[in-house]
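**Student:** File follows, final-v2.cif with mmCIF, C-alpha atoms:
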```cif
data_input
loop_
_atom_site.group_PDB
_atom_site.id
_atom_site.type_symbol
_atom_site.label_atom_id
_atom_site.label_comp_id
_atom_site.auth_asym_id
_atom_site.auth_seq_id
_atom_site.Cartn_x
_atom_site.Cartn_y
_atom_site.Cartn_z
ATOM 1 C CA MET O 15 23.687 -38.386 -1.408
ATOM 2 C CA GLU O 16 23.305 -42.069 -2.192
ATOM 3 C CA ASN O 17 26.575 -42.487 -4.057
ATOM 4 C CA ASN O 18 30.084 -41.386 -3.207
ATOM 5 C CA GLU O 19 30.512 -39.126 -6.229
ATOM 6 C CA PRO O 20 31.170 -35.510 -5.278
ATOM 7 C CA GLU O 21 28.082 -33.420 -5.904
ATOM 8 C CA SER O 22 28.453 -31.023 -8.807
ATOM 9 C CA LEU O 23 27.571 -27.362 -8.419
ATOM 10 C CA GLU O 24 24.927 -27.825 -11.088
ATOM 11 C CA THR O 25 23.245 -30.608 -9.077
ATOM 12 C CA PHE O 26 23.495 -28.460 -5.972
ATOM 13 C CA ARG O 27 21.915 -25.352 -7.506
ATOM 14 C CA THR O 28 19.100 -27.223 -9.289
ATOM 15 C CA SER O 29 18.213 -29.084 -6.066
ATOM 16 C CA PHE O 30 16.658 -25.826 -4.795
ATOM 17 C CA SER O 31 13.964 -26.017 -7.484
ATOM 18 C CA TYR O 32 11.583 -28.730 -6.250
ATOM 19 C CA GLY O 33 14.538 -31.009 -5.514
ATOM 20 C CA THR O 34 16.198 -32.291 -2.365
ATOM 21 C CA ARG O 35 16.869 -28.757 -1.093
ATOM 22 C CA ASN O 36 13.655 -27.196 -2.366
ATOM 23 C CA ASP O 37 13.384 -23.536 -1.396
ATOM 24 C CA LEU O 38 10.796 -21.442 -3.217
ATOM 25 C CA ASN O 39 12.758 -18.244 -2.511
ATOM 26 C CA PHE O 40 15.856 -19.664 -4.153
ATOM 27 C CA LYS O 41 14.520 -21.953 -6.884
ATOM 28 C CA PHE O 42 15.836 -19.290 -9.274
ATOM 29 C CA PHE O 43 19.299 -20.878 -8.846
ATOM 30 C CA LYS O 44 18.139 -23.137 -11.650
ATOM 31 C CA GLY O 45 18.061 -20.142 -13.991
ATOM 32 C CA LEU O 46 21.613 -19.026 -13.149
ATOM 33 C CA SER O 47 24.938 -20.496 -14.244
ATOM 34 C CA ASP O 48 27.248 -22.291 -11.816
ATOM 35 C CA ASP O 49 29.488 -19.224 -11.768
ATOM 36 C CA GLU O 50 26.594 -16.898 -11.051
ATOM 37 C CA VAL O 51 25.391 -19.009 -8.113
ATOM 38 C CA ALA O 52 28.937 -19.268 -6.748
ATOM 39 C CA SER O 53 29.361 -15.516 -7.055
ATOM 40 C CA PHE O 54 26.003 -14.872 -5.364
ATOM 41 C CA LEU O 55 26.833 -17.152 -2.422
ATOM 42 C CA ARG O 56 30.212 -15.471 -2.048
ATOM 43 C CA THR O 57 28.544 -12.035 -1.973
ATOM 44 C CA LEU O 58 25.877 -13.209 0.461
ATOM 45 C CA LEU O 59 28.425 -14.598 2.915
ATOM 46 C CA ASP O 60 30.545 -11.477 2.636
ATOM 47 C CA GLU O 61 27.541 -9.282 3.415
ATOM 48 C CA LEU O 62 26.614 -11.589 6.299
ATOM 49 C CA GLY O 63 30.090 -11.086 7.711
ATOM 50 C CA GLY O 64 29.503 -7.353 7.619
ATOM 51 C CA ALA O 65 26.074 -7.713 9.216
ATOM 52 C CA TYR O 66 27.556 -9.408 12.287
ATOM 53 C CA ASP O 67 28.600 -5.995 13.518
ATOM 54 C CA THR O 68 26.044 -3.712 11.947
ATOM 55 C CA GLY O 69 22.938 -5.896 12.248
ATOM 56 C CA ASN O 70 21.945 -4.445 8.873
ATOM 57 C CA ILE O 71 20.546 -7.219 6.698
ATOM 58 C CA LEU O 72 19.486 -4.916 3.842
ATOM 59 C CA PRO O 73 22.639 -5.707 1.799
ATOM 60 C CA LEU O 74 21.771 -9.424 2.051
ATOM 61 C CA ILE O 75 18.221 -8.758 0.913
ATOM 62 C CA GLU O 76 19.483 -6.608 -1.956
ATOM 63 C CA ALA O 77 21.952 -9.301 -3.066
ATOM 64 C CA ALA O 78 19.227 -11.965 -3.003
ATOM 65 C CA TYR O 79 16.842 -9.685 -4.881
ATOM 66 C CA ALA O 80 19.385 -8.915 -7.608
ATOM 67 C CA ALA O 81 20.208 -12.603 -8.054
ATOM 68 C CA GLN O 82 16.505 -13.483 -8.199
ATOM 69 C CA VAL O 83 15.861 -10.922 -10.943
ATOM 70 C CA ALA O 84 18.850 -12.297 -12.876
ATOM 71 C CA GLY O 85 17.603 -15.857 -12.361
ATOM 72 C CA TYR O 86 14.183 -15.169 -13.852
ATOM 73 C CA THR O 87 15.098 -12.703 -16.595
ATOM 74 C CA PRO O 88 15.660 -14.539 -19.895
ATOM 75 C CA ALA O 89 19.140 -14.279 -21.393
ATOM 76 C CA PRO O 90 19.378 -12.270 -24.633
ATOM 77 C CA ASP O 91 20.007 -15.503 -26.572
ATOM 78 C CA ALA O 92 17.163 -17.439 -24.885
ATOM 79 C CA PRO O 93 14.622 -19.130 -27.166
ATOM 80 C CA PRO O 94 11.494 -17.019 -27.838
ATOM 81 C CA PRO O 95 8.756 -17.292 -25.187
ATOM 82 C CA LYS O 96 5.809 -19.617 -25.767
ATOM 83 C CA HIS O 97 3.302 -16.807 -25.362
ATOM 84 C CA GLU O 98 4.201 -13.473 -26.899
ATOM 85 C CA TYR O 99 2.081 -10.683 -28.354
ATOM 86 C CA SER O 100 3.028 -7.628 -30.362
ATOM 87 C CA SER O 101 -0.056 -5.691 -29.282
ATOM 88 C CA GLY O 102 -2.783 -5.904 -26.681
ATOM 89 C CA PRO O 103 -6.130 -4.539 -25.525
ATOM 90 C CA PHE O 104 -6.546 -1.243 -23.717
ATOM 91 C CA THR O 105 -9.683 0.110 -22.034
ATOM 92 C CA PRO O 106 -9.349 3.629 -20.601
ATOM 93 C CA LEU O 107 -10.480 4.302 -17.056
ATOM 94 C CA ASP O 108 -13.231 6.770 -17.879
ATOM 95 C CA ILE O 109 -14.369 7.834 -14.406
ATOM 96 C CA PRO O 110 -12.417 9.469 -11.577
ATOM 97 C CA LEU O 111 -10.825 7.031 -9.162
ATOM 98 C CA THR O 112 -12.748 8.639 -6.309
ATOM 99 C CA LYS O 113 -15.938 7.397 -7.963
ATOM 100 C CA ALA O 114 -14.601 4.095 -9.335
ATOM 101 C CA ARG O 115 -15.661 0.693 -8.056
ATOM 102 C CA VAL O 116 -12.486 -1.337 -7.643
ATOM 103 C CA GLY O 117 -12.165 -5.121 -7.826
ATOM 104 C CA LEU O 118 -9.285 -7.425 -6.947
ATOM 105 C CA LEU O 119 -8.025 -10.623 -8.546
ATOM 106 C CA THR O 120 -4.788 -12.267 -7.481
ATOM 107 C CA THR O 121 -2.861 -15.404 -8.405
ATOM 108 C CA SER O 122 -1.861 -15.789 -4.756
ATOM 109 C CA GLY O 123 -3.941 -18.882 -3.976
ATOM 110 C CA HIS O 124 -6.126 -17.326 -1.266
ATOM 111 C CA PHE O 125 -9.480 -18.837 -0.346
ATOM 112 C CA LEU O 126 -12.009 -18.712 2.468
ATOM 113 C CA ARG O 127 -11.309 -20.983 5.404
ATOM 114 C CA ASP O 128 -14.724 -22.577 4.907
ATOM 115 C CA ASP O 129 -14.512 -22.772 1.120
ATOM 116 C CA ASP O 130 -11.359 -24.726 0.295
ATOM 117 C CA PRO O 131 -11.190 -25.289 -3.496
ATOM 118 C CA ARG O 132 -9.993 -28.828 -2.712
ATOM 119 C CA PRO O 133 -7.414 -29.348 -5.475
ATOM 120 C CA PHE O 134 -7.578 -32.842 -6.997
ATOM 121 C CA GLY O 135 -10.429 -33.629 -4.591
ATOM 122 C CA GLU O 136 -8.132 -33.437 -1.564
ATOM 123 C CA THR O 137 -9.572 -32.089 1.639
ATOM 124 C CA ALA O 138 -7.317 -29.786 3.648
ATOM 125 C CA MET O 139 -4.306 -30.015 1.333
ATOM 126 C CA THR O 140 -1.288 -28.504 3.063
ATOM 127 C CA GLN O 141 1.193 -26.066 1.544
ATOM 128 C CA GLU O 142 3.826 -28.815 1.641
ATOM 129 C CA GLU O 143 1.528 -31.118 -0.340
ATOM 130 C CA ALA O 144 0.841 -28.355 -2.853
ATOM 131 C CA VAL O 145 4.592 -27.865 -3.338
ATOM 132 C CA ALA O 146 5.097 -31.610 -3.802
ATOM 133 C CA ARG O 147 2.314 -31.708 -6.423
ATOM 134 C CA ILE O 148 3.379 -28.599 -8.353
ATOM 135 C CA SER O 149 3.623 -30.551 -11.639
ATOM 136 C CA GLU O 150 -0.003 -31.638 -11.294
ATOM 137 C CA PHE O 151 -1.083 -28.049 -10.642
ATOM 138 C CA MET O 152 0.820 -26.915 -13.724
ATOM 139 C CA ALA O 153 -1.113 -29.462 -15.820
ATOM 140 C CA SER O 154 -4.584 -28.773 -14.372
ATOM 141 C CA ALA O 155 -7.362 -26.237 -14.836
ATOM 142 C CA PRO O 156 -7.414 -23.438 -12.244
ATOM 143 C CA VAL O 157 -10.242 -23.008 -9.740
ATOM 144 C CA LEU O 158 -11.269 -19.432 -8.953
ATOM 145 C CA SER O 159 -12.047 -18.724 -5.305
ATOM 146 C CA GLU O 160 -14.570 -15.978 -4.570
ATOM 147 C CA ILE O 161 -13.896 -14.023 -1.363
ATOM 148 C CA PRO O 162 -16.344 -11.384 -0.035
ATOM 149 C CA SER O 163 -14.479 -8.090 0.309
ATOM 150 C CA SER O 164 -15.759 -7.750 3.891
ATOM 151 C CA THR O 165 -14.020 -10.987 4.946
ATOM 152 C CA PRO O 166 -11.904 -10.668 8.126
ATOM 153 C CA ALA O 167 -8.257 -11.570 7.500
ATOM 154 C CA SER O 168 -8.572 -14.377 10.043
ATOM 155 C CA GLU O 169 -11.021 -16.179 7.708
ATOM 156 C CA LEU O 170 -8.500 -16.303 4.831
ATOM 157 C CA ARG O 171 -6.251 -19.194 3.963
ATOM 158 C CA VAL O 172 -3.486 -19.330 1.368
ATOM 159 C CA ARG O 173 -1.900 -22.260 -0.478
ATOM 160 C CA HIS O 174 0.280 -22.103 -3.578
ATOM 161 C CA GLY O 175 2.964 -24.574 -4.563
ATOM 162 C CA GLY O 176 4.992 -21.935 -6.422
ATOM 163 C CA TYR O 177 5.982 -19.363 -3.817
ATOM 164 C CA ASP O 178 6.934 -19.029 -0.164
ATOM 165 C CA ILE O 179 3.577 -18.231 1.465
ATOM 166 C CA ARG O 180 5.020 -17.385 4.897
ATOM 167 C CA SER O 181 4.791 -13.650 4.249
ATOM 168 C CA ALA O 182 1.192 -13.945 2.974
ATOM 169 C CA GLU O 183 0.300 -16.043 6.017
ATOM 170 C CA ARG O 184 1.612 -13.335 8.345
ATOM 171 C CA ASP O 185 -0.199 -10.617 6.432
ATOM 172 C CA PRO O 186 -2.570 -11.465 3.553
ATOM 173 C CA ASN O 187 -2.222 -7.923 2.185
ATOM 174 C CA VAL O 188 1.245 -8.809 0.893
ATOM 175 C CA THR O 189 -0.342 -10.739 -1.984
ATOM 176 C CA PHE O 190 -4.076 -10.081 -1.470
ATOM 177 C CA PRO O 191 -4.440 -6.424 -0.387
ATOM 178 C CA MET O 192 -7.976 -6.734 0.880
ATOM 179 C CA GLU O 193 -7.609 -4.650 4.047
ATOM 180 C CA ARG O 194 -5.600 -1.966 2.248
ATOM 181 C CA LEU O 195 -8.398 -1.596 -0.349
ATOM 182 C CA ARG O 196 -10.945 -1.327 2.447
ATOM 183 C CA GLU O 197 -8.876 1.469 4.003
ATOM 184 C CA ALA O 198 -8.420 3.195 0.625
ATOM 185 C CA HIS O 199 -12.204 3.181 0.296
ATOM 186 C CA ALA O 200 -12.706 4.471 3.847
ATOM 187 C CA ASP O 201 -10.206 7.283 3.111
ATOM 188 C CA GLY O 202 -12.132 8.225 -0.024
ATOM 189 C CA ARG O 203 -9.205 7.466 -2.355
ATOM 190 C CA ILE O 204 -11.410 5.046 -4.301
ATOM 191 C CA GLY O 205 -15.169 5.330 -4.775
ATOM 192 C CA GLU O 206 -16.284 1.809 -3.930
ATOM 193 C CA ILE O 207 -14.959 -1.697 -3.490
ATOM 194 C CA ALA O 208 -16.492 -4.710 -5.206
ATOM 195 C CA ASP O 209 -18.672 -7.033 -3.114
ATOM 196 C CA SER O 210 -16.372 -9.967 -3.912
ATOM 197 C CA TYR O 211 -12.704 -10.415 -4.737
ATOM 198 C CA PHE O 212 -11.096 -13.397 -6.473
ATOM 199 C CA SER O 213 -7.968 -15.515 -6.216
ATOM 200 C CA PHE O 214 -6.477 -18.674 -7.694
ATOM 201 C CA PRO O 215 -3.043 -20.311 -7.600
ATOM 202 C CA GLY O 216 -1.304 -18.933 -10.677
ATOM 203 C CA ALA O 217 0.739 -22.114 -11.118
ATOM 204 C CA THR O 218 -1.721 -23.686 -13.534
ATOM 205 C CA ALA O 219 -2.125 -24.983 -17.103
ATOM 206 C CA GLN O 220 -2.156 -21.888 -19.324
ATOM 207 C CA GLY O 221 -4.323 -23.444 -22.068
ATOM 208 C CA ARG O 222 -6.903 -24.543 -19.522
ATOM 209 C CA LEU O 223 -6.799 -21.136 -17.897
ATOM 210 C CA ARG O 224 -7.614 -19.466 -21.194
ATOM 211 C CA LYS O 225 -10.570 -21.815 -21.672
ATOM 212 C CA VAL O 226 -12.163 -20.802 -18.354
ATOM 213 C CA LEU O 227 -11.411 -17.084 -18.722
ATOM 214 C CA PRO O 228 -14.655 -16.153 -20.557
ATOM 215 C CA GLU O 229 -16.664 -17.540 -17.632
ATOM 216 C CA TRP O 230 -14.426 -15.753 -15.098
ATOM 217 C CA VAL O 231 -14.797 -12.472 -16.968
ATOM 218 C CA GLU O 232 -18.582 -12.836 -16.807
ATOM 219 C CA ARG O 233 -18.370 -13.250 -13.037
ATOM 220 C CA LEU O 234 -16.300 -10.076 -12.836
ATOM 221 C CA HIS O 235 -18.858 -8.161 -14.872
ATOM 222 C CA ASP O 236 -21.514 -9.269 -12.378
ATOM 223 C CA GLN O 237 -19.532 -7.210 -9.836
ATOM 224 C CA ASP O 238 -20.017 -4.032 -11.907
ATOM 225 C CA ILE O 239 -16.317 -3.179 -11.607
ATOM 226 C CA ASP O 240 -14.784 0.020 -13.047
ATOM 227 C CA LEU O 241 -11.161 -0.931 -12.355
ATOM 228 C CA MET O 242 -9.652 -4.336 -11.679
ATOM 229 C CA LEU O 243 -6.504 -4.564 -9.592
ATOM 230 C CA LEU O 244 -4.455 -7.639 -10.521
ATOM 231 C CA VAL O 245 -1.734 -9.050 -8.296
ATOM 232 C CA PRO O 246 0.339 -11.901 -9.735
ATOM 233 C CA VAL O 247 2.647 -13.794 -7.428
ATOM 234 C CA MET F 19 2.349 -15.838 -16.898
ATOM 235 C CA SER F 20 -1.244 -16.512 -15.819
ATOM 236 C CA VAL F 21 -1.906 -12.878 -15.014
ATOM 237 C CA GLY F 22 -1.060 -11.830 -18.556
ATOM 238 C CA HIS F 23 -3.847 -13.925 -20.023
ATOM 239 C CA VAL F 24 -6.203 -12.785 -17.261
ATOM 240 C CA ALA F 25 -5.361 -9.096 -17.762
ATOM 241 C CA ARG F 26 -5.822 -9.298 -21.514
ATOM 242 C CA ALA F 27 -9.188 -11.071 -21.238
ATOM 243 C CA ILE F 28 -10.558 -8.630 -18.653
ATOM 244 C CA GLU F 29 -9.328 -5.597 -20.556
ATOM 245 C CA GLU F 30 -10.744 -6.947 -23.834
ATOM 246 C CA SER F 31 -14.128 -7.296 -22.137
ATOM 247 C CA GLY F 32 -14.138 -3.566 -21.336
ATOM 248 C CA ILE F 33 -12.855 -3.396 -17.761
ATOM 249 C CA PRO F 34 -9.564 -1.496 -17.277
ATOM 250 C CA THR F 35 -6.896 -3.358 -15.304
ATOM 251 C CA VAL F 36 -3.750 -2.429 -13.427
ATOM 252 C CA THR F 37 -1.216 -5.091 -12.456
ATOM 253 C CA ILE F 38 1.318 -5.002 -9.602
ATOM 254 C CA MET F 39 4.249 -7.265 -10.473
ATOM 255 C CA VAL F 40 7.686 -7.981 -9.031
ATOM 256 C CA LYS F 41 10.720 -7.050 -11.120
ATOM 257 C CA ALA F 42 11.717 -10.691 -11.679
ATOM 258 C CA PHE F 43 8.630 -11.103 -13.905
ATOM 259 C CA GLU F 44 8.893 -7.843 -15.847
ATOM 260 C CA HIS F 45 9.702 -9.723 -19.050
ATOM 261 C CA ARG F 46 6.273 -11.382 -18.795
ATOM 262 C CA ALA F 47 4.579 -7.977 -18.769
ATOM 263 C CA ARG F 48 6.395 -7.128 -21.998
ATOM 264 C CA GLU F 49 5.881 -10.503 -23.700
ATOM 265 C CA LEU F 50 2.176 -10.659 -22.883
ATOM 266 C CA ARG F 51 1.539 -6.956 -23.472
ATOM 267 C CA ILE F 52 -0.170 -6.512 -20.126
ATOM 268 C CA PRO F 53 -2.171 -3.263 -20.349
ATOM 269 C CA ARG F 54 -0.682 -1.398 -17.341
ATOM 270 C CA THR F 55 2.002 -2.766 -15.045
ATOM 271 C CA LEU F 56 3.523 -1.318 -11.896
ATOM 272 C CA ILE F 57 6.878 -3.025 -11.378
ATOM 273 C CA VAL F 58 8.004 -3.287 -7.765
ATOM 274 C CA LYS F 59 11.592 -4.048 -6.786
ATOM 275 C CA HIS F 60 10.545 -6.693 -4.270
ATOM 276 C CA PRO F 61 11.434 -10.343 -3.810
ATOM 277 C CA MET F 62 9.000 -12.777 -5.387
ATOM 278 C CA GLY F 63 6.011 -13.512 -3.147
ATOM 279 C CA ARG F 64 5.848 -9.992 -1.679
ATOM 280 C CA PRO F 65 4.376 -7.753 -4.390
ATOM 281 C CA LEU F 66 2.762 -5.246 -1.995
ATOM 282 C CA GLY F 67 5.742 -5.097 0.377
ATOM 283 C CA ALA F 68 6.761 -6.800 3.577
ATOM 284 C CA ALA F 69 4.260 -8.390 5.948
ATOM 285 C CA GLY F 70 3.001 -5.755 8.350
ATOM 286 C CA ASP F 71 4.239 -2.763 6.343
ATOM 287 C CA ALA F 72 0.825 -1.176 5.784
ATOM 288 C CA ALA F 73 2.361 2.208 4.911
ATOM 289 C CA ARG F 74 4.366 0.783 2.022
ATOM 290 C CA GLN F 75 1.412 -1.339 0.901
ATOM 291 C CA HIS F 76 -0.670 1.850 0.625
ATOM 292 C CA GLU F 77 2.097 3.606 -1.324
ATOM 293 C CA ILE F 78 2.175 0.727 -3.801
ATOM 294 C CA LEU F 79 -1.611 0.740 -4.133
ATOM 295 C CA ASP F 80 -1.643 4.491 -4.754
ATOM 296 C CA ALA F 81 1.099 4.153 -7.374
ATOM 297 C CA ALA F 82 -1.009 1.504 -9.106
ATOM 298 C CA PHE F 83 -4.067 3.765 -8.972
ATOM 299 C CA ASP F 84 -2.037 6.638 -10.431
ATOM 300 C CA LEU F 85 -0.945 4.367 -13.269
ATOM 301 C CA ALA F 86 -4.551 3.289 -13.883
ATOM 302 C CA GLN F 87 -5.462 6.936 -14.412
ATOM 303 C CA SER F 88 -2.390 8.111 -16.338
ATOM 304 C CA ALA F 89 -1.767 5.284 -18.832
ATOM 305 C CA THR F 90 -2.938 6.030 -22.363
ATOM 306 C CA GLU F 91 -1.919 2.865 -24.179
ATOM 307 C CA ASN F 92 -1.447 -0.876 -23.775
ATOM 308 C CA GLY F 93 1.914 -2.028 -22.515
ATOM 309 C CA THR F 94 2.544 0.872 -20.140
ATOM 310 C CA ILE F 95 5.131 -0.142 -17.538
ATOM 311 C CA ILE F 96 6.091 2.059 -14.597
ATOM 312 C CA GLU F 97 8.634 1.164 -11.913
ATOM 313 C CA PHE F 98 7.989 1.971 -8.260
ATOM 314 C CA ALA F 99 11.150 3.775 -7.239
ATOM 315 C CA ALA F 100 11.792 2.597 -3.682
ATOM 316 C CA PRO F 101 13.490 -0.756 -3.062
ATOM 317 C CA PHE F 102 11.987 -3.450 -0.824
ATOM 318 C CA ARG F 103 12.251 -2.865 2.901
ATOM 319 C CA PRO F 104 11.493 -5.145 5.829
ATOM 320 C CA ALA F 105 8.533 -3.997 7.914
ATOM 321 C CA PRO F 106 9.566 -1.175 10.287
ATOM 322 C CA ALA F 107 8.777 -3.352 13.315
ATOM 323 C CA HIS F 108 11.422 -5.833 12.176
ATOM 324 C CA THR F 109 14.249 -3.335 11.616
#
```
Could you take the file, read its structure, and then write that structure out as structure tokens?

**Tutor:**
Amino acid sequence: MENNEPESLETFRTSFSYGTRNDLNFKFFKGLSDDEVASFLRTLLDELGGAYDTGNILPLIEAAYAAQVAGYTPAPDAPPPKHEYSSGPFTPLDIPLTKARVGLLTTSGHFLRDDDPRPFGETAMTQEEAVARISEFMASAPVLSEIPSSTPASELRVRHGGYDIRSAERDPNVTFPMERLREAHADGRIGEIADSYFSFPGATAQGRLRKVLPEWVERLHDQDIDLMLLVPV
Amino acid sequence: MSVGHVARAIEESGIPTVTIMVKAFEHRARELRIPRTLIVKHPMGRPLGAAGDAARQHEILDAAFDLAQSATENGTIIEFAAPFRPAPAHT
């Protein structure tokens, strides 16, 4: 800290959301009260103390999960959401799954190693740069990456300024279940898989997204898909 | 939030969708009336399960496929019962 003022708990907890202590797994601290963050940290440390002997980190994971859900879930007295609908479309799946051609679209930010969408014209933008430029992503139109469903996992790259991509880097199926769909097809659980899958970083301008959606939907129809699996991140 | 707009547009165009979403975002599924949502009790960034846990990833996929076949109306939300687990190799 630059000054000698003691740091407030509020400053501390909000620093995890794109601030000095940015941590995409814990940016939800911003959505909790000071008391809730203090209580969570107390619980976490207590569970850690227990784990010294047992080696069981599940209680820590469960505590972090519960706090994350609380951090993102709007309070009952929160202002109404910007986008809210009282009804929505529904298209029945009218063929058996074992005959259905399944597509995949995720907001995980995957792309082919040799087909970087080059956000803002940047070549080889890193994850750290994407995190630093999250506000620009949130104000820009999304770019949809097309990924052949036969792509080896080693040819995939992932970049998304809104979530911790370490898990997806270790195993793309965590947010882009390409290999699992291939296996489901090989096992006969689904009839076919689409020739191409799609991904974009979901941290994007919602109005601009809605403008490009008609064109995206046309591209999906070109794939002759019976069921689309969607994975938001 | 993006997936809500995407799901609605695809479904409106005549292709059924099924969405796998972490619990932290469940309110989005309700607000945006996503057609069919499988809620998973996982940390954000790991909707299909832990890295390397292919067995759990298949269970989640199959639960999503079941939902795709069983749902009869927009806004159907089902919760996958099991909590998150680290990949067996890491426990």

**Student:** What does the PyMOL selection byres ((chain O) within 6 of (chain F)) select in this file, as a list in words?

**Tutor:**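 What the PyMOL selection byres ((chain O) within 6 of (chain F)) grabs from the file is Tyr79, Val83, Tyr86, Glu98, Tyr99, Gly102, Pro103, Phe104, Thr105, Leu107, Tyr177, Ser181, Asp185, Val188, Gly216, Val231, Leu241, Met242, Leu243, Leu244, Val245, Pro246 and Val247 of chain O.
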
**Student:** Can you list, as a list in words, the residues that the PyMOL selection byres ((chain O and resi 210) around 7) selects here?

**Tutor:**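 Applied to this file, the PyMOL selection byres ((chain O and resi 210) around 7) returns Glu160, Ile161, Pro162, Ser163, Ala208, Asp209, Tyr211 and Phe212 of chain O.
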
**Student:** Of the candidates O:Ala114, O:Phe151, O:Phe54, O:Leu223, which one gets nearest to Arg203 of chain O if we count only C-alpha atoms?

**Tutor:**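 For Arg203 of chain O, the nearest of the candidates is O:Ala114.
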
**Student:** Enter the distance from atom CA of Phe214 of chain O to atom CA of Gly123 of chain O, in Å, rounded to one decimal.

**Tutor:**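 Here the two named atoms are 4.5 Å from each other.
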
**Student:** I'd like to see the residues matched by the PyMOL selection byres ((chain O and resi 169) around 10) on this file, and ideally I'd get them as a PyMOL selection string.

**Tutor:** chain O and resi 125-129+161+165-168+170-171

**Student:** Using all atoms listed in the file for the distances, tell me which of O:Trp230, O:Tyr32, O:Phe190, O:Phe42 is nearest to Ser149 of chain O.

**Tutor:**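 Selected residue with least distance to Ser149 of chain O: O:Tyr32.
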
**Student:** Please identify all polymer residues lying at most 12 Å from the point (15.8, -21.1, -2.9) (file coordinates), using only C-alpha atoms, and present the result as a ChimeraX atom specification.

**Tutor:** /O:26-46,51,55,78-79,81-82,85,176-178 /F:61-62

**Student:** Can you measure atom CA of Pro215 of chain O to atom CA of Ser122 of chain O for me? One decimal in Å is fine.

**Tutor:** 5.5 Å

**Student:** Tell me which of O:Ala182, O:Ala84, O:Leu62, O:Leu195 sits closest to Ser164 of chain O, counting all atoms listed in the file.

**Tutor:**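 Counting all atoms listed in the file, the residue closest to Ser164 of chain O is O:Leu195.
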
**Student:** How would segment 50-62 of chain F read, as a PDB file, keeping the file's coordinate frame, once N, CA and C atoms are built in?

**Tutor:**
```
ATOM      1  N   LEU F  50       3.624 -10.454 -22.819  1.00  0.00           N
ATOM      2  CA  LEU F  50       2.176 -10.659 -22.883  1.00  0.00           C
ATOM      3  C   LEU F  50       1.405  -9.354 -23.097  1.00  0.00           C
ATOM      4  N   ARG F  51       2.164  -8.265 -23.236  1.00  0.00           N
ATOM      5  CA  ARG F  51       1.539  -6.956 -23.472  1.00  0.00           C
ATOM      6  C   ARG F  51       0.410  -6.717 -22.466  1.00  0.00           C
ATOM      7  N   ILE F  52       0.782  -6.818 -21.193  1.00  0.00           N
ATOM      8  CA  ILE F  52      -0.170  -6.512 -20.126  1.00  0.00           C
ATOM      9  C   ILE F  52      -0.495  -5.019 -20.216  1.00  0.00           C
ATOM     10  N   PRO F  53      -1.786  -4.659 -20.083  1.00  0.00           N
ATOM     11  CA  PRO F  53      -2.171  -3.263 -20.349  1.00  0.00           C
ATOM     12  C   PRO F  53      -1.387  -2.231 -19.526  1.00  0.00           C
ATOM     13  N   ARG F  54      -1.394  -2.368 -18.198  1.00  0.00           N
ATOM     14  CA  ARG F  54      -0.682  -1.398 -17.341  1.00  0.00           C
ATOM     15  C   ARG F  54      -0.007  -2.198 -16.228  1.00  0.00           C
ATOM     16  N   THR F  55       1.282  -2.000 -16.064  1.00  0.00           N
ATOM     17  CA  THR F  55       2.002  -2.766 -15.045  1.00  0.00           C
ATOM     18  C   THR F  55       2.829  -1.842 -14.163  1.00  0.00           C
ATOM     19  N   LEU F  56       2.644  -1.983 -12.869  1.00  0.00           N
ATOM     20  CA  LEU F  56       3.523  -1.318 -11.896  1.00  0.00           C
ATOM     21  C   LEU F  56       4.543  -2.361 -11.451  1.00  0.00           C
ATOM     22  N   ILE F  57       5.804  -2.104 -11.775  1.00  0.00           N
ATOM     23  CA  ILE F  57       6.878  -3.025 -11.378  1.00  0.00           C
ATOM     24  C   ILE F  57       7.396  -2.607  -9.997  1.00  0.00           C
ATOM     25  N   VAL F  58       7.470  -3.563  -9.102  1.00  0.00           N
ATOM     26  CA  VAL F  58       8.004  -3.287  -7.765  1.00  0.00           C
ATOM     27  C   VAL F  58       9.305  -4.069  -7.582  1.00  0.00           C
ATOM     28  N   LYS F  59      10.271  -3.427  -6.950  1.00  0.00           N
ATOM     29  CA  LYS F  59      11.592  -4.048  -6.786  1.00  0.00           C
ATOM     30  C   LYS F  59      11.605  -4.866  -5.492  1.00  0.00           C
ATOM     31  N   HIS F  60      10.736  -5.850  -5.452  1.00  0.00           N
ATOM     32  CA  HIS F  60      10.545  -6.693  -4.270  1.00  0.00           C
ATOM     33  C   HIS F  60      10.911  -8.130  -4.597  1.00  0.00           C
ATOM     34  N   PRO F  61      11.257  -8.905  -3.568  1.00  0.00           N
ATOM     35  CA  PRO F  61      11.434 -10.343  -3.810  1.00  0.00           C
ATOM     36  C   PRO F  61      10.106 -10.975  -4.207  1.00  0.00           C
ATOM     37  N   MET F  62      10.188 -12.038  -4.988  1.00  0.00           N
ATOM     38  CA  MET F  62       9.000 -12.777  -5.387  1.00  0.00           C
ATOM     39  C   MET F  62       8.192 -13.202  -4.141  1.00  0.00           C
TER      40      MET F  62
END
```
